[in-house]
file work_15.tsv (TSV, C-alpha atoms and all ligand atoms)
chain	number	residue	atom	x	y	z
Y	24	MET	CA	19.22	-0.75	2.48
Y	25	ASP	CA	16.62	0.64	0.17
Y	26	ILE	CA	14.04	-1.71	-1.20
Y	27	HIS	CA	12.63	-1.01	-4.62
Y	28	GLY	CA	9.41	-1.99	-6.25
Y	29	SER	CA	7.29	-1.22	-9.26
Y	30	CYS	CA	3.91	-1.84	-10.79
Y	31	HIS	CA	3.61	-4.47	-13.51
Y	32	CYS	CA	4.24	-2.12	-16.44
Y	33	GLY	CA	7.02	-0.28	-14.62
Y	34	ALA	CA	5.52	3.21	-14.92
Y	35	VAL	CA	5.24	3.55	-11.14
Y	36	ARG	CA	8.30	2.97	-9.00
Y	37	ILE	CA	8.44	2.69	-5.24
Y	38	GLU	CA	11.36	3.04	-2.88
Y	39	VAL	CA	11.20	2.27	0.85
Y	40	PRO	CA	14.03	2.14	3.43
Y	41	ALA	CA	13.67	-1.52	4.39
Y	42	ALA	CA	11.73	-4.66	3.60
Y	43	PRO	CA	8.58	-5.00	5.69
Y	44	THR	CA	8.71	-7.39	8.65
Y	45	TRP	CA	4.92	-7.67	8.65
Y	46	VAL	CA	2.08	-6.79	6.33
Y	47	ALA	CA	-1.63	-6.23	6.79
Y	48	ASP	CA	-4.25	-8.42	5.19
Y	49	CYS	CA	-7.38	-6.31	5.53
Y	50	ASN	CA	-10.92	-7.50	4.92
Y	51	CYS	CA	-12.65	-4.18	4.27
Y	52	SER	CA	-14.91	-4.09	1.24
Y	53	LEU	CA	-12.15	-2.69	-0.97
Y	54	CYS	CA	-9.20	-4.78	0.22
Y	55	ARG	CA	-11.22	-7.96	-0.18
Y	56	LYS	CA	-11.39	-7.19	-3.88
Y	57	LEU	CA	-7.88	-5.79	-4.32
Y	58	ALA	CA	-6.00	-8.37	-2.22
Y	59	TRP	CA	-3.33	-5.88	-1.20
Y	60	ARG	CA	-0.76	-6.75	1.42
Y	61	VAL	CA	-0.05	-3.43	3.06
Y	62	ALA	CA	3.26	-2.38	4.59
Y	63	TYR	CA	3.39	0.86	6.56
Y	64	TYR	CA	6.08	3.51	6.48
Y	65	PRO	CA	6.40	7.15	7.50
Y	66	PRO	CA	5.58	9.16	4.36
Y	67	GLU	CA	8.93	10.95	4.41
Y	68	GLN	CA	10.71	7.59	4.05
Y	69	VAL	CA	8.82	6.59	0.92
Y	70	ARG	CA	9.38	7.67	-2.64
Y	71	VAL	CA	6.74	6.96	-5.25
Y	72	THR	CA	7.45	8.12	-8.78
Y	73	GLY	CA	5.31	7.89	-11.87
Y	74	PRO	CA	1.68	8.61	-12.60
Y	75	THR	CA	-0.98	7.25	-10.28
Y	76	THR	CA	-4.72	7.66	-10.05
Y	77	ALA	CA	-6.34	7.87	-6.64
Y	78	TYR	CA	-9.60	6.19	-5.72
Y	79	VAL	CA	-11.41	7.89	-2.85
Y	80	TRP	CA	-14.40	6.38	-1.10
Y	81	GLY	CA	-16.14	6.03	2.24
Y	82	ASP	CA	-14.99	8.57	4.82
Y	83	ARG	CA	-12.63	10.15	2.25
Y	84	MET	CA	-9.66	10.02	4.60
Y	85	ILE	CA	-7.21	8.46	2.16
Y	86	GLY	CA	-6.50	8.17	-1.53
Y	87	ILE	CA	-5.94	4.64	-2.76
Y	88	HIS	CA	-3.60	4.85	-5.72
Y	89	HIS	CA	-3.11	2.61	-8.70
Y	90	CYS	CA	-1.19	2.71	-11.94
Y	91	PRO	CA	-3.50	3.98	-14.70
Y	92	THR	CA	-1.76	1.80	-17.28
Y	93	CYS	CA	-1.53	-1.66	-15.72
Y	94	GLY	CA	-3.95	-1.23	-12.83
Y	95	CYS	CA	-1.68	-2.39	-10.01
Y	96	GLY	CA	-2.57	-0.91	-6.63
Y	97	THR	CA	0.52	0.96	-5.49
Y	98	HIS	CA	-0.05	2.83	-2.23
Y	99	TRP	CA	-2.44	4.83	-0.13
Y	100	ASP	CA	-1.82	8.18	1.44
Y	101	THR	CA	-3.68	10.70	3.50
Y	102	LEU	CA	-5.94	13.35	2.04
Y	103	GLY	CA	-5.23	15.71	4.91
Y	104	GLU	CA	-5.03	14.23	8.38
Y	105	ASP	CA	-1.51	13.37	9.55
Y	106	PHE	CA	-1.47	9.63	10.23
Y	107	GLY	CA	2.31	9.53	10.48
Y	108	LYS	CA	2.26	6.66	8.04
Y	109	MET	CA	1.22	5.64	4.60
Y	110	GLY	CA	0.55	2.25	3.10
Y	111	ILE	CA	2.53	0.56	0.36
Y	112	ASN	CA	1.27	-2.48	-1.50
Y	113	ALA	CA	4.05	-4.85	-0.46
Y	114	ARG	CA	3.18	-7.15	-3.37
Y	115	LEU	CA	4.96	-4.66	-5.63
Y	116	LEU	CA	8.25	-4.73	-3.72
Y	117	ASP	CA	11.09	-6.63	-5.33
Y	118	GLY	CA	11.61	-9.99	-3.67
Y	119	PHE	CA	8.50	-9.76	-1.49
Y	120	ASP	CA	7.67	-13.19	-0.12
Y	121	GLU	CA	4.45	-13.30	1.83
Y	122	SER	CA	5.45	-16.58	3.46
Y	123	ALA	CA	8.57	-14.92	4.90
Y	124	VAL	CA	6.78	-12.16	6.81
Y	125	GLU	CA	4.10	-11.99	9.47
Y	126	VAL	CA	0.68	-11.43	7.94
Y	127	ARG	CA	-1.64	-9.62	10.35
Y	128	LYS	CA	-5.35	-9.94	9.69
Y	129	PHE	CA	-7.07	-6.57	10.00
Y	130	ASP	CA	-10.77	-6.94	10.68
Y	131	ASN	CA	-12.40	-3.98	8.95
Y	132	ALA	CA	-15.27	-5.92	7.44
Y	133	ALA	CA	-17.71	-3.23	8.57
Y	134	ASP	CA	-16.03	-0.68	6.30
Y	201	ZN	ZN	1.80	0.11	-14.29
call {"tool": "encode", "arguments": {"input": "work_15.tsv", "output": "structure tokens"}}
result
Amino acid sequence: MDIHGSCHCGAVRIEVPAAPTWVADCNCSLCRKLAWRVAYYPPEQVRVTGPTTAYVWGDRMIGIHHCPTCGCGTHWDTLGEDFGKMGINARLLDGFDESAVEVRKFDNAAD
């Protein structure tokens, strides 16, 4: 069953094949400020439509996208290397309930 999501203003829409069973709560310098809960999917299983702006920092491995209108963080994807996955901000998925999934703490405080 496809799970849908969108940013606050609705300009960016996300479609993934299934609801996440776990999400990452990362403490890197960016995630601490953005408070994303990240769900991972193979890129070919994800559809993101609408305009996004990518923020690139640090080792420049990934683009961290947000909606230019409402500012919601939407997803990250690779800038070249094949990770076999991309990250979706699970907070944007319809019906997402953080208390109903496993939240894994990722310790990336050095980044
Ligand atoms: Zn928006």
call {"tool": "residues_around", "arguments": {"input": "work_15.tsv", "residues": "His88 (chain Y)", "least_positions_apart": "5", "cutoff": "7 Å", "atoms": "all atoms listed in the file", "output": "list in words"}}
result
Thr75, Thr76, Ala77, Tyr78, Gly96, Thr97, His98 and Trp99 of chain Y
call {"tool": "closest_residue", "arguments": {"input": "work_15.tsv", "among": "Y:Gln68, Y:Cys90, Y:Ala47, Y:Ala62", "to": "His31 (chain Y)", "atoms": "all atoms listed in the file"}}
result
Y:Cys90
call {"tool": "residues_near_ligand", "arguments": {"input": "work_15.tsv", "ligand": "ligand ZN 201 (chain Y)", "cutoff": "7 Å", "atoms": "only C-alpha atoms and all ligand atoms", "output": "PDB file with C-alpha atoms, keeping the file's coordinate frame"}}
result
ATOM      1  CA  CYS Y  30       3.910  -1.840 -10.790  1.00  0.00           C
ATOM      2  CA  HIS Y  31       3.610  -4.470 -13.510  1.00  0.00           C
ATOM      3  CA  CYS Y  32       4.240  -2.120 -16.440  1.00  0.00           C
ATOM      4  CA  GLY Y  33       7.020  -0.280 -14.620  1.00  0.00           C
ATOM      5  CA  ALA Y  34       5.520   3.210 -14.920  1.00  0.00           C
ATOM      6  CA  VAL Y  35       5.240   3.550 -11.140  1.00  0.00           C
ATOM      7  CA  CYS Y  90      -1.190   2.710 -11.940  1.00  0.00           C
ATOM      8  CA  PRO Y  91      -3.500   3.980 -14.700  1.00  0.00           C
ATOM      9  CA  THR Y  92      -1.760   1.800 -17.280  1.00  0.00           C
ATOM     10  CA  CYS Y  93      -1.530  -1.660 -15.720  1.00  0.00           C
ATOM     11  CA  GLY Y  94      -3.950  -1.230 -12.830  1.00  0.00           C
ATOM     12  CA  CYS Y  95      -1.680  -2.390 -10.010  1.00  0.00           C
TER      13      CYS Y  95
END
call {"tool": "residues_around", "arguments": {"input": "work_15.tsv", "residues": "Pro65 (chain Y)", "least_positions_apart": "4", "cutoff": "9 Å", "atoms": "all atoms listed in the file", "output": "list of chain:residue names"}}
result
Y:Val69, Y:Phe106, Y:Gly107, Y:Lys108, Y:Met109, Y:Gly110
call {"tool": "write_last_selection", "arguments": {"input": "work_15.tsv", "atoms": "C-alpha atoms", "output": "PDB file, keeping the file's coordinate frame"}}
result
ATOM      1  CA  VAL Y  69       8.820   6.590   0.920  1.00  0.00           C
ATOM      2  CA  PHE Y 106      -1.470   9.630  10.230  1.00  0.00           C
ATOM      3  CA  GLY Y 107       2.310   9.530  10.480  1.00  0.00           C
ATOM      4  CA  LYS Y 108       2.260   6.660   8.040  1.00  0.00           C
ATOM      5  CA  MET Y 109       1.220   5.640   4.600  1.00  0.00           C
ATOM      6  CA  GLY Y 110       0.550   2.250   3.100  1.00  0.00           C
TER       7      GLY Y 110
END
call {"tool": "residues_around", "arguments": {"input": "work_15.tsv", "residues": "Pro43 (chain Y)", "least_positions_apart": "6", "cutoff": "9 Å", "atoms": "all atoms listed in the file", "output": "list in words"}}
result
Ala62, Tyr63, Tyr64, Ala113, Phe119 and Val124 of chain Y
call {"tool": "closest_residue", "arguments": {"input": "work_15.tsv", "among": "Y:Leu116, Y:Asp82, Y:Leu102, Y:Ala133", "to": "Ala41 (chain Y)", "atoms": "all atoms listed in the file"}}
result
Y:Leu116
call {"tool": "atom_distance", "arguments": {"input": "work_15.tsv", "atom1": "CA of Cys49 (chain Y)", "atom2": "CA of Val71 (chain Y)"}}
result
22.2 Å
call {"tool": "residues_near_point", "arguments": {"input": "work_15.tsv", "point": "(-14.7, -2.5, 5.6)", "cutoff": "7 Å", "atoms": "only C-alpha atoms", "output": "list in words"}}
result
Asn50, Cys51, Ser52, Asn131, Ala132, Ala133 and Asp134 of chain Y
call {"tool": "write_last_selection", "arguments": {"input": "work_15.tsv", "atoms": "C-alpha atoms", "output": "JSON list (two decimals), in the frame of the given file"}}
result
[["chain", "number", "residue", "atom", "x", "y", "z"],
["Y", 50, "ASN", "CA", -10.92, -7.50, 4.92],
["Y", 51, "CYS", "CA", -12.65, -4.18, 4.27],
["Y", 52, "SER", "CA", -14.91, -4.09, 1.24],
["Y", 131, "ASN", "CA", -12.40, -3.98, 8.95],
["Y", 132, "ALA", "CA", -15.27, -5.92, 7.44],
["Y", 133, "ALA", "CA", -17.71, -3.23, 8.57],
["Y", 134, "ASP", "CA", -16.03, -0.68, 6.30]]
call {"tool": "atom_distance", "arguments": {"input": "work_15.tsv", "atom1": "CA of Pro40 (chain Y)", "atom2": "CA of Leu53 (chain Y)"}}
result
27.0 Å
call {"tool": "atom_distance", "arguments": {"input": "work_15.tsv", "atom1": "CA of Val126 (chain Y)", "atom2": "CA of Trp80 (chain Y)"}}
result
25.0 Å
call {"tool": "closest_residue", "arguments": {"input": "work_15.tsv", "among": "Y:Asp120, Y:Phe129, Y:Asn112, Y:Ile26", "to": "Val61 (chain Y)", "atoms": "only C-alpha atoms"}}
result
Y:Asn112
call {"tool": "closest_residue", "arguments": {"input": "work_15.tsv", "among": "Y:Ala42, Y:Met84, Y:Cys54, Y:Val79", "to": "Glu121 (chain Y)", "atoms": "all atoms listed in the file"}}
result
Y:Ala42
call {"tool": "closest_residue", "arguments": {"input": "work_15.tsv", "among": "Y:Ser29, Y:Thr72, Y:Ser122, Y:Thr101", "to": "Thr44 (chain Y)", "atoms": "only C-alpha atoms"}}
result
Y:Ser122
call {"tool": "residues_near_point", "arguments": {"input": "work_15.tsv", "point": "(9.5, 2.2, -6.6)", "cutoff": "6 Å", "atoms": "all atoms listed in the file", "output": "PyMOL selection string"}}
result
chain Y and resi 27-29+36-38+71
call {"tool": "closest_residue", "arguments": {"input": "work_15.tsv", "among": "Y:Gly118, Y:Pro66, Y:Val39, Y:Leu57", "to": "His89 (chain Y)", "atoms": "all atoms listed in the file"}}
result
Y:Leu57
